[in-house]
4 protein chains.
Amino acid sequence: MSRKYRVGILGATGTVGQRFVQLLENHPQFEITALAASDRSTGKPYVEACAWKLAGKMPDFVKNITVQPIEPPLDCDLVFSSLPSSVARETEEAFARAGYPVISNSSSYRMDEDVPLLIAEINHEHVGLIEKQKQKRGFGKGFIVTNPNCAVVSFAPPLAALHRKFGVEEVIVTTLQAISGAGYPGVPSLDITDNVVPYIAGEEPKVETEAQKILGKFTDGGIEKADFTVSAQCFRVHVIDGHTASVRVNLNQTATMEEVIEAINTFPSLDLYSSPKRFMEYCDEPSRPQPRLDRDSGNGMTITVGRLFPDNVFDYRFVSLSHNTVRGAAGSAVLNAELLISKGII
Amino acid sequence: MSRKYRVGILGATGTVGQRFVQLLENHPQFEITALAASDRSTGKPYVEACAWKLAGKMPDFVKNITVQPIEPPLDCDLVFSSLPSSVARETEEAFARAGYPVISNSSSYRMDEDVPLLIAEINHEHVGLIEKQKQKRGFGKGFIVTNPNCAVVSFAPPLAALHRKFGVEEVIVTTLQAISGAGYPGVPSLDITDNVVPYIAGEEPKVETEAQKILGKFTDGGIEKADFTVSAQCFRVHVIDGHTASVRVNLNQTATMEEVIEAINTFPSLDLYSSPKRFMEYCDEPSRPQPRLDRDSGNGMTITVGRLFPDNVFDYRFVSLSHNTVRGAAGSAVLNAELLISKGII
Amino acid sequence: MSRKYRVGILGATGTVGQRFVQLLENHPQFEITALAASDRSTGKPYVEACAWKLAGKMPDFVKNITVQPIEPPLDCDLVFSSLPSSVARETEEAFARAGYPVISNSSSYRMDEDVPLLIAEINHEHVGLIEKQKQKRGFGKGFIVTNPNCAVVSFAPPLAALHRKFGVEEVIVTTLQAISGAGYPGVPSLDITDNVVPYIAGEEPKVETEAQKILGKFTDGGIEKADFTVSAQCFRVHVIDGHTASVRVNLNQTATMEEVIEAINTFPSLDLYSSPKRFMEYCDEPSRPQPRLDRDSGNGMTITVGRLFPDNVFDYRFVSLSHNTVRGAAGSAVLNAELLISKGII
Amino acid sequence: MSRKYRVGILGATGTVGQRFVQLLENHPQFEITALAASDRSTGKPYVEACAWKLAGKMPDFVKNITVQPIEPPLDCDLVFSSLPSSVARETEEAFARAGYPVISNSSSYRMDEDVPLLIAEINHEHVGLIEKQKQKRGFGKGFIVTNPNCAVVSFAPPLAALHRKFGVEEVIVTTLQAISGAGYPGVPSLDITDNVVPYIAGEEPKVETEAQKILGKFTDGGIEKADFTVSAQCFRVHVIDGHTASVRVNLNQTATMEEVIEAINTFPSLDLYSSPKRFMEYCDEPSRPQPRLDRDSGNGMTITVGRLFPDNVFDYRFVSLSHNTVRGAAGSAVLNAELLISKGII
């Protein structure tokens with residue numbers, strides 16, 4: 001077997017950073033060689049710098065890696081970034097400029113027109129933007145690719161299936177989002193126990209704009225965004241992992257229930273290490289999808305869809321679910337890196 | 001003070017039955033004189049027949065009332081009913097036929113065209129149906145009035161405010177409903193802990209049809225239903241009490257944010273014992289309404305509305321909340337009885 | 001009616017500070033005239049400085065009080081303090097020295113031998129320490145009294161009943177403590193959802209030492225501590241309010257079940273505004289006490305005891321419950337102030 | 001590889017039955033050939049008879065197995081039983097008498113003196129009882145072995161480590177038990193949300209008696225029970241899986257902290273398929289063990305211990321945790337079957 005790519009993680013001690021560590025533990029293509037985090041962690045071994053919050057124990061192989069400052073150079077071939085937006089823009093550019101491919105889970109560059117916003121199964125051809133990006137920004141070997149907001153990932157895949165076959169015209173989505181989406185310490189228990197919070201700072205605008213880019217067409221000039229509008233209301237609910245989306249959609253063409261379900265079930269997956277066998281799975285049972293039962297489907301990388309019905313006001317409604325810190329964050333970033341390798345870009 | 005009306009409770013041992021007991025404890029117009037429940041409870045004192053599940057202790061005054069079968073006659077002037085739909089239709093008719101006003105929280109008669117479906121502040125004039133009902137069904141003194149499904153009550157009030165001022169054309173609602181709505185034992189803890197359930201049996205059709213009757217016009221011939229369509233997706237979330245509704249609405253006339261908020265805040269309350277000082281209250285804070293913080297507003301009888309914004313797809317969106325076992329069930333029924341007294345119908 | 005005492009609240013924006021505001025809203029003897037909190041709150045009206053986290057809305061009467069720094073002078077006759085221990089010791093002394101009675105919920109002075117540690121119904125005679133305290137510390141009119149740790153309050157009352165009648169020799173207590181005990185933001189939801197945390201920083205030593213002082217005898221020389229040992233293990237569980245204690249106790253004298261229950265049920269309450277009708281209540285039902293059902297008993301001031309049985313290893317075991325932010329914090333402090341007024345000390 | 005043993009599951013549709021299915025999915029020694037459940041399930045394919053409640057989907061290989069009545073004969077070499085106690089005694093005997101080894105998770109036979117009550121790592125030599133059992137009851141090839149109550153399994157392992165080295169004299173245990181221990185539908189969500197229930201029917205007597213048998217000595221005449229007393233208080237807490245035990249223990253010999261921890265950490269595991277690499281693991285972190293983070297240690301088969309301290313009243317205290325439906329139920333039964341095979345008894 002060929003040597004593994006050496007990866008660094010920016011924001012390694014946060015909840016998404018921990019997911020990166022977990023997902024990369026036995027990864028055939030990557031090995032973690034650098035962990036970077038904020039000032040109060042630097043210089044410490046990871047085991048001391050990081051309060052591990054995932055089920056199970058911190059993997060042994062990272063315990064003694066010394067945490068470094070979040071700045072280039074790092075001893076690695078590429079970096080995964082899950083930095084808070086306040087620092088992501090500047091820092092990720094610095095890494096790209098220093099020659100590192102930056103596979104980012106942050107929101108800073110998602111809507112920049114020369115930066116791919118990838119859900120690998122849906123729009124892998126958007127990696128074509130990278131060349132343009134390098135030229136425009138004067139990067140050498142380095143570049144930036146991003147994955148979408150975790151709430152967007154909960155419903156963009158079935159939307160892609162519908163858009164490809166029938167055309168999507170209007171979307172109304174209400175999200176029921178898990179507490180892990182807010183990181184750690186994140187949501188205080190006094191706020192969410194026996195409660196629902198109808199507000200997640202900054203979320204609704206992201207949910208209303210990212211899907212159009214993801215489902216857009218790559219052309220020479222860039223991405224031609226998909227031409228539909230999205231309305232989003234975002235709620236925090238008392239669930240640990242797994243964002244649920246309640247969706248209504250108007251289509252450009254008529255489609256039967258069977259055609260819609262088939263479009264979802266037959267949307268192709270990819271032949272990459274982190275691709276699930278099935279990218280999306282339609283579930284017939286009337287009470288599914290449910291976060292606790294379905295979020296780990298396909299190791300957290302499969303989107304589960306259910307409750308598709310003709311709607312009184314729109315054409316169809318359905319419910320869609322994804323694991324927000326795997327498919328909606330670290331898992332998608334790792335998949336993006338695998339995609340870039342398979343295309344020879346890394 | 002004049003003597004109190006003697007009331008019976010049908011389904012007295014269930015969770016809504018217990019709310020009736022709690023709300024009537026020191027009520028100035030009513031005293032409980034009869035408690036009726038299913039076979040396995042009859043003949044026992046209430047304290048033995050009923051596993052009290054509300055916070056606090058069972059009130060002393062009901063402990064030794066012997067539970068009777070759910071059939072007329074009962075020693076009372078009127079009955080409150082919270083029977084399961086399987087038995088409600090036949091039993092409530094029997095009581096009405098035997099001369100009892102039946103103030104029902106069950107769904108059986110809600111959509112019958114000669115039966116009022118009341119939210120007292122919104123459509124008290126619908127009590128005009130009662131005369132017609134008595135004639136049609138050959139009732140004497142008895143009759144049936146109903147209150148709506150608890151999820152409908154979470155959003156019908158702000159809808160009424162908008163409909164009255166601007167006309168409502170289309171409504172899309174996604175409900176996040178509390179576990180108490182399913183009664184006791186109701187939702188198993190294994191189903192709802194760290195979870196959301198996207199299905200409540202029989203709920204979506206009710207939510208899609210009741211509001212049009214509630215907001216309908218009373219005419220000689222009956223109720224002329226309001227002419228709008230509703231699309232509903234109903235979720236069970238991990239909240240004890242308090243149904244939250246995520247709503248989008250299209251209006252017939254344009255209205256500014258200020259006008260909409262004013263329509264909500266100025267919708268008149270009633271001068272009845274159980275009417276809250278404010279029927280609806282718009283809350284400016286970005287993270288409200290929240291079930292745990294707002295459900296008890298106005299002793300559980302005030303509807304809290306918030307997060308009103310212009311919507312990308314519809315005219316407006318907002319979030320609305322009501323206490324499902326008070327305003328959405330027992331409290332509304334008690335208010336309906338007070339309304340009937342104030343109008344001389346009881 | 002005579003004029004009300006003017007009170008200041010130190011730490012007014014925290015969760016216990018909010019409880020003080022709530023409990024004093026319509027109090028016949030006190031009116032809030034000063035609210036003090038940390039630097040980032042001072043100068044703002046309370047409504048802006050404080051993120052209100054109790055059910056319901058912030059009472060109108062405090063909204064526009066300007067928050068002041070936590071230092072004397074404040075425009076009031078006495079102060080209630082719920083300061084973090086890091087600042088409590090120095091600040092509370094400053095207020096006492098400046099002439100203010102300091103009714104403290106903090107832990108700093110609890111074990112000082114000249115400072116009363118009061119559960120008013122149990123050891124009101126300990127207020128006799130105040131004179132000595134004033135002399136020793138050179139205070140003028142000011143002084144400090146404290147109430148116990150919230151977990152101690154969950155089991156010290158039944159212990160007092162047993163100690164008075166039969167003598168307590170050894171106590172083993174395991175506490176199941178509510179999240180509100182950690183304040184706000186307090187316990188992260190990711191830590192406590194679907195979980196139990198077997199550790200509360202600094203708690204076990206408090207629980208092992210305070211009860212002996214509370215149940216001690218007041219003599220000329222001070223408090224002669226009760227001569228029993230306590231072993232404590234403290235757990236955080238997923239409950240909003242209400243600390244539950246699992247207790248085993250060895251007694252000096254034999255006692256029957258009936259005698260123990262009678263000792264609990266007949267322990268006298270006080271005739272003060274915040275005293276519940278019953279200080280303690282033994283509940284026969286096999287599954288009680290439960291925090292959600294019993295914490296609000298006596299407006300949160302009654303201790304509920306249940307599941308008393310002879311034990312295989314110790315003499316008896318039982319379960320005991322109190323509302324941790326009412327009886328275990330703000331409510332006890334208010335009761336202490338009422339006690340001091342009734343004794344002419346304030 | 002030799003052929004697999006064909007196994008039947010009695011009570012296949014319950015929560016423990018589902019765990020059996022999950023654990024046996026890819027088991028190298030067993031294959032499921034028969035599923036038996038109560039009347040309303042028989043005749044249906046498992047996929048229709050069983051409401052799958054574990055995370056993930058029902059494994060494909062069982063979906064079409066037709067559920068049979070719970071009576072011999074079944075087409076299998078041995079049976080795993082998780083029957084409710086009301087039917088277990090009679091039914092399990094019928095299977096044993098009909099020649100089946102019965103590996104039971106039910107409580108019916110646990111305390112019978114000729115029936116092994118096994119935690120394989122602790123008392124595998126108790127299988128010596130089987131011969132005696134066969135003779136006494138006139139069984140042929142069949143017999144019954146049991147595993148302990150799930151709460152007992154949470155603390156008996158560290159107790160065994162201490163007993164073996166230092167002798168245990170007295171034990172006080174308070175358990176904080178998960179909702180899955182009550183099966184499905186089990187604990188109503190209204191009972192456990194924002195709550196603790198201090199009562200689990202029939203649990204305390206089991207917890208007070210089983211450990212003495214488990215830690216007993218096998219002699220010719222049977223099991224000589226360990227000579228210590230146990231006091232148990234059992235609570236239900238809001239945790240999905242994982243029973244936590246708060247334990248105090250008096251020892252016959254003095255032991256240092258280090259010696260106790262070493263006794264726990266070095267207690268030997270077994271070389272069987274379901275044995276975890278480490279039977280018990282002592283965790284130094286002050287806030288561990290926690291159910292959500294530690295229950296899956298060793299695939300749910302490792303016991304995690306922490307917070308060992310000298311105690312004020314007893315010699316030591318500690319906290320111990322096990323996965324109640326894996327190590328505390330189905331996983332232990334599967335391990336018992338592996339043990340019996342390794343000893344040539346099956």
# chains A, B, ... in the order shown; residues from 1 in each chain; ligands from 1
$ interface_residues --of "chain D" --to "chain B" --cutoff "10 Å" --atoms "only C-alpha atoms" --output "list in words"
Lys53, Leu54, Ile179, Ser180, Ala182, Gly183, Tyr184, Pro185, Gly186, Val187, Pro188, Ser189, Leu190, Asp191, Ile192, Thr193, Asp194, His238, Val239, Ile240 and Asp241 of chain D
$ write_last_selection --atoms "C-alpha atoms" --output "JSON list (two decimals), in the first residue's frame"
[["chain", "number", "residue", "atom", "x", "y", "z"],
["D", 53, "LYS", "CA", -36.31, -0.51, 19.11],
["D", 54, "LEU", "CA", -32.51, -0.67, 18.96],
["D", 179, "ILE", "CA", -34.96, 3.10, 31.38],
["D", 180, "SER", "CA", -34.12, 0.25, 29.00],
["D", 182, "ALA", "CA", -37.85, -1.84, 32.09],
["D", 183, "GLY", "CA", -38.26, -3.11, 28.54],
["D", 184, "TYR", "CA", -40.67, -1.64, 26.00],
["D", 185, "PRO", "CA", -43.01, 0.24, 26.28],
["D", 186, "GLY", "CA", -41.62, 0.24, 29.82],
["D", 187, "VAL", "CA", -41.19, 3.58, 31.55],
["D", 188, "PRO", "CA", -43.67, 6.24, 30.37],
["D", 189, "SER", "CA", -41.89, 9.41, 29.28],
["D", 190, "LEU", "CA", -44.17, 11.44, 31.58],
["D", 191, "ASP", "CA", -42.74, 9.51, 34.53],
["D", 192, "ILE", "CA", -39.05, 10.00, 33.90],
["D", 193, "THR", "CA", -38.60, 13.29, 32.02],
["D", 194, "ASP", "CA", -37.21, 15.92, 34.42],
["D", 238, "HIS", "CA", -33.28, 9.39, 32.82],
["D", 239, "VAL", "CA", -30.62, 7.39, 31.02],
["D", 240, "ILE", "CA", -31.27, 5.13, 28.03],
["D", 241, "ASP", "CA", -28.68, 2.40, 28.71]]
$ residues_around --residues "B:Val152" --least-positions-apart "6" --cutoff "12 Å" --atoms "only C-alpha atoms" --output "ChimeraX atom specification"
/B:107,117-119,158-160,173-177,203-215,230-234,243-247,303,320-324,327-329
$ write_last_selection --atoms "N, CA and C atoms" --output "compact mmCIF listing (two decimals), in the first residue's frame"
# COMPACT_ATOMS: atom_id res chain seq x y z
N SER B 107 -62.60 14.37 19.94
CA SER B 107 -62.62 14.80 18.54
C SER B 107 -63.88 14.38 17.80
N LEU B 117 -67.36 24.33 17.37
CA LEU B 117 -65.95 23.99 17.64
C LEU B 117 -65.33 25.30 18.10
N LEU B 118 -65.23 25.45 19.41
CA LEU B 118 -65.04 26.78 20.00
C LEU B 118 -63.63 27.06 20.51
N ILE B 119 -63.12 28.22 20.14
CA ILE B 119 -62.09 28.89 20.93
C ILE B 119 -62.78 30.18 21.33
N PRO B 158 -53.28 33.14 16.45
CA PRO B 158 -52.67 34.18 15.61
C PRO B 158 -53.24 34.18 14.19
N LEU B 159 -53.62 33.00 13.71
CA LEU B 159 -54.24 32.94 12.39
C LEU B 159 -55.55 33.73 12.38
N ALA B 160 -56.32 33.61 13.46
CA ALA B 160 -57.58 34.35 13.56
C ALA B 160 -57.32 35.85 13.51
N VAL B 173 -47.94 24.64 8.35
CA VAL B 173 -47.60 24.57 9.76
C VAL B 173 -46.86 23.26 10.06
N THR B 174 -45.81 23.39 10.85
CA THR B 174 -45.09 22.23 11.35
C THR B 174 -45.17 22.31 12.86
N THR B 175 -45.73 21.26 13.47
CA THR B 175 -45.91 21.33 14.92
C THR B 175 -44.85 20.49 15.64
N LEU B 176 -44.43 20.98 16.81
CA LEU B 176 -43.50 20.28 17.69
C LEU B 176 -44.26 20.05 18.99
N GLN B 177 -44.82 18.85 19.15
CA GLN B 177 -45.83 18.62 20.17
C GLN B 177 -45.28 17.89 21.40
N GLU B 203 -53.15 12.85 13.53
CA GLU B 203 -53.05 14.28 13.88
C GLU B 203 -53.09 15.21 12.67
N GLU B 204 -52.34 14.88 11.63
CA GLU B 204 -52.22 15.83 10.52
C GLU B 204 -53.56 16.17 9.88
N PRO B 205 -54.44 15.20 9.64
CA PRO B 205 -55.75 15.57 9.07
C PRO B 205 -56.54 16.52 9.96
N LYS B 206 -56.48 16.33 11.29
CA LYS B 206 -57.19 17.26 12.18
C LYS B 206 -56.62 18.66 12.05
N VAL B 207 -55.31 18.73 12.04
CA VAL B 207 -54.68 20.05 11.99
C VAL B 207 -54.96 20.74 10.65
N GLU B 208 -55.21 19.96 9.64
CA GLU B 208 -55.45 20.56 8.32
C GLU B 208 -56.90 20.98 8.09
N THR B 209 -57.81 20.59 8.98
CA THR B 209 -59.23 20.89 8.72
C THR B 209 -59.93 21.71 9.79
N GLU B 210 -59.47 21.67 11.04
CA GLU B 210 -60.26 22.31 12.09
C GLU B 210 -60.23 23.84 12.06
N ALA B 211 -59.08 24.40 11.68
CA ALA B 211 -58.95 25.86 11.73
C ALA B 211 -59.97 26.56 10.82
N GLN B 212 -60.25 25.96 9.66
CA GLN B 212 -61.20 26.58 8.73
C GLN B 212 -62.60 26.67 9.34
N LYS B 213 -62.96 25.69 10.16
CA LYS B 213 -64.28 25.77 10.82
C LYS B 213 -64.25 26.80 11.94
N ILE B 214 -63.17 26.77 12.74
CA ILE B 214 -63.06 27.71 13.87
C ILE B 214 -63.14 29.15 13.38
N LEU B 215 -62.47 29.42 12.27
CA LEU B 215 -62.42 30.80 11.75
C LEU B 215 -63.58 31.06 10.78
N VAL B 230 -54.64 24.40 4.58
CA VAL B 230 -53.60 24.21 5.59
C VAL B 230 -52.82 22.95 5.26
N SER B 231 -51.51 23.05 5.34
CA SER B 231 -50.64 21.88 5.23
C SER B 231 -49.97 21.67 6.57
N ALA B 232 -50.04 20.43 7.09
CA ALA B 232 -49.50 20.17 8.43
C ALA B 232 -48.55 19.00 8.44
N GLN B 233 -47.40 19.18 9.10
CA GLN B 233 -46.53 18.07 9.48
C GLN B 233 -46.40 18.12 10.99
N CYS B 234 -46.65 16.99 11.65
CA CYS B 234 -46.72 16.97 13.11
C CYS B 234 -45.63 16.09 13.71
N HIS B 243 -47.28 22.89 23.12
CA HIS B 243 -47.11 22.62 21.69
C HIS B 243 -46.60 23.88 20.99
N THR B 244 -45.55 23.71 20.19
CA THR B 244 -44.97 24.82 19.43
C THR B 244 -45.35 24.64 17.96
N ALA B 245 -45.71 25.73 17.30
CA ALA B 245 -46.04 25.65 15.87
C ALA B 245 -45.13 26.58 15.09
N SER B 246 -44.56 26.04 14.03
CA SER B 246 -43.75 26.81 13.07
C SER B 246 -44.68 27.08 11.89
N VAL B 247 -44.96 28.35 11.62
CA VAL B 247 -46.04 28.69 10.69
C VAL B 247 -45.57 29.61 9.56
N ILE B 303 -51.75 32.51 24.59
CA ILE B 303 -50.96 32.04 23.45
C ILE B 303 -49.79 32.99 23.28
N SER B 320 -45.54 29.99 17.27
CA SER B 320 -46.66 30.20 18.17
C SER B 320 -46.71 29.04 19.15
N LEU B 321 -47.16 29.30 20.36
CA LEU B 321 -47.09 28.29 21.42
C LEU B 321 -48.31 28.33 22.31
N SER B 322 -48.84 27.15 22.66
CA SER B 322 -49.88 27.12 23.69
C SER B 322 -49.68 25.91 24.58
N HIS B 323 -50.24 26.02 25.78
CA HIS B 323 -50.18 24.90 26.73
C HIS B 323 -51.22 23.88 26.30
N ASN B 324 -50.74 22.70 25.90
CA ASN B 324 -51.64 21.75 25.25
C ASN B 324 -52.67 21.11 26.16
N ARG B 327 -54.82 25.36 27.75
CA ARG B 327 -55.52 26.03 26.64
C ARG B 327 -55.90 25.04 25.55
N GLY B 328 -55.13 24.01 25.37
CA GLY B 328 -55.42 23.07 24.28
C GLY B 328 -56.38 21.96 24.67
N ALA B 329 -56.87 21.94 25.92
CA ALA B 329 -57.76 20.84 26.31
C ALA B 329 -58.67 21.30 27.45
$ residues_around --residues "B:Gly56" --least-positions-apart "5" --cutoff "12 Å" --atoms "only C-alpha atoms" --output "PyMOL selection string"
(chain B and resi 18-19+22) or (chain C and resi 288-300+302+304)
$ write_last_selection --atoms "C-alpha atoms" --output "mmCIF file, in the first residue's frame"
data_model
loop_
_atom_site.group_PDB
_atom_site.id
_atom_site.type_symbol
_atom_site.label_atom_id
_atom_site.label_comp_id
_atom_site.auth_asym_id
_atom_site.auth_seq_id
_atom_site.Cartn_x
_atom_site.Cartn_y
_atom_site.Cartn_z
ATOM 1 C CA GLN B 18 -56.958 15.267 36.039
ATOM 2 C CA ARG B 19 -56.494 18.736 34.559
ATOM 3 C CA GLN B 22 -57.111 20.706 39.027
ATOM 4 C CA ARG C 288 -42.532 8.855 46.028
ATOM 5 C CA PRO C 289 -40.908 11.304 46.544
ATOM 6 C CA GLN C 290 -40.226 12.294 42.944
ATOM 7 C CA PRO C 291 -38.642 15.635 42.039
ATOM 8 C CA ARG C 292 -41.093 16.628 39.313
ATOM 9 C CA LEU C 293 -44.154 15.769 41.383
ATOM 10 C CA ASP C 294 -43.053 16.806 44.876
ATOM 11 C CA ARG C 295 -40.522 19.628 44.615
ATOM 12 C CA ASP C 296 -43.177 22.344 44.673
ATOM 13 C CA SER C 297 -44.863 21.021 47.793
ATOM 14 C CA GLY C 298 -45.467 23.895 50.217
ATOM 15 C CA ASN C 299 -44.376 26.353 47.518
ATOM 16 C CA GLY C 300 -41.063 24.554 47.336
ATOM 17 C CA THR C 302 -41.746 21.408 52.275
ATOM 18 C CA THR C 304 -40.943 15.224 51.221
#
$ select_by_dssp --residues "stretch 16-129 of chain A" --states "alpha helix (DSSP H)" --output "PyMOL selection string"
chain A and resi 16-24+46-49+60-63+85-97+120-123+129
$ residues_around --residues "C:Arg317" --least-positions-apart "6" --cutoff "8 Å" --atoms "only C-alpha atoms" --output "list in words"
Ser246, Val247, Arg248, Val249, Arg307, Leu308, Phe309, Pro310 and Asp311 of chain C
$ write_last_selection --atoms "N, CA and C atoms" --output "short mmCIF file (atom, residue, chain, number, x, y, z; two decimals), in the first residue's frame"
data_model
loop_
_atom_site.label_atom_id
_atom_site.label_comp_id
_atom_site.auth_asym_id
_atom_site.auth_seq_id
_atom_site.Cartn_x
_atom_site.Cartn_y
_atom_site.Cartn_z
N SER C 246 -30.72 9.59 48.90
CA SER C 246 -30.89 8.19 49.29
C SER C 246 -30.09 8.04 50.59
N VAL C 247 -30.77 7.72 51.69
CA VAL C 247 -30.15 7.82 53.01
C VAL C 247 -30.23 6.52 53.79
N ARG C 248 -29.13 6.13 54.43
CA ARG C 248 -29.15 5.10 55.47
C ARG C 248 -28.69 5.74 56.77
N VAL C 249 -29.29 5.30 57.86
CA VAL C 249 -28.96 5.92 59.12
C VAL C 249 -28.92 4.88 60.24
N ARG C 307 -40.33 6.05 51.36
CA ARG C 307 -39.57 4.80 51.27
C ARG C 307 -38.72 4.51 52.51
N LEU C 308 -39.31 4.74 53.67
CA LEU C 308 -38.64 4.36 54.92
C LEU C 308 -38.77 2.86 55.11
N PHE C 309 -37.64 2.21 55.30
CA PHE C 309 -37.64 0.76 55.56
C PHE C 309 -36.50 0.41 56.52
N PRO C 310 -36.67 -0.65 57.28
CA PRO C 310 -35.52 -1.20 58.00
C PRO C 310 -34.49 -1.62 56.96
N ASP C 311 -33.23 -1.45 57.28
CA ASP C 311 -32.16 -1.70 56.32
C ASP C 311 -31.36 -2.93 56.73
#
$ atom_distance --atom1 "atom CA of A:Cys76" --atom2 "atom CA of A:Ile9"
9.5 Å
$ residues_around --residues "D:Asn250" --least-positions-apart "2" --cutoff "7 Å" --atoms "only C-alpha atoms" --output "number ranges by chain"
D: 168-171, 252, 314-316
$ closest_atom_pairs --of "stretch 16-59 of chain A" --to "stretch 84-88 of chain A" --cutoff "12 Å" --atoms "only C-alpha atoms" --output "JSON lines"
{"residue": "A:Val16", "atom": "CA", "partner": "A:Pro84", "partner_atom": "CA", "distance": 10.7}
{"residue": "A:Gly17", "atom": "CA", "partner": "A:Pro84", "partner_atom": "CA", "distance": 11.3}
{"residue": "A:Ala37", "atom": "CA", "partner": "A:Pro84", "partner_atom": "CA", "distance": 11.0}
{"residue": "A:Ser38", "atom": "CA", "partner": "A:Val87", "partner_atom": "CA", "distance": 10.3}
$ closest_residue --among "B:Pro116, B:Pro59, B:Pro69, B:Pro101" --to "B:Gly43" --atoms "only C-alpha atoms"
B:Pro69
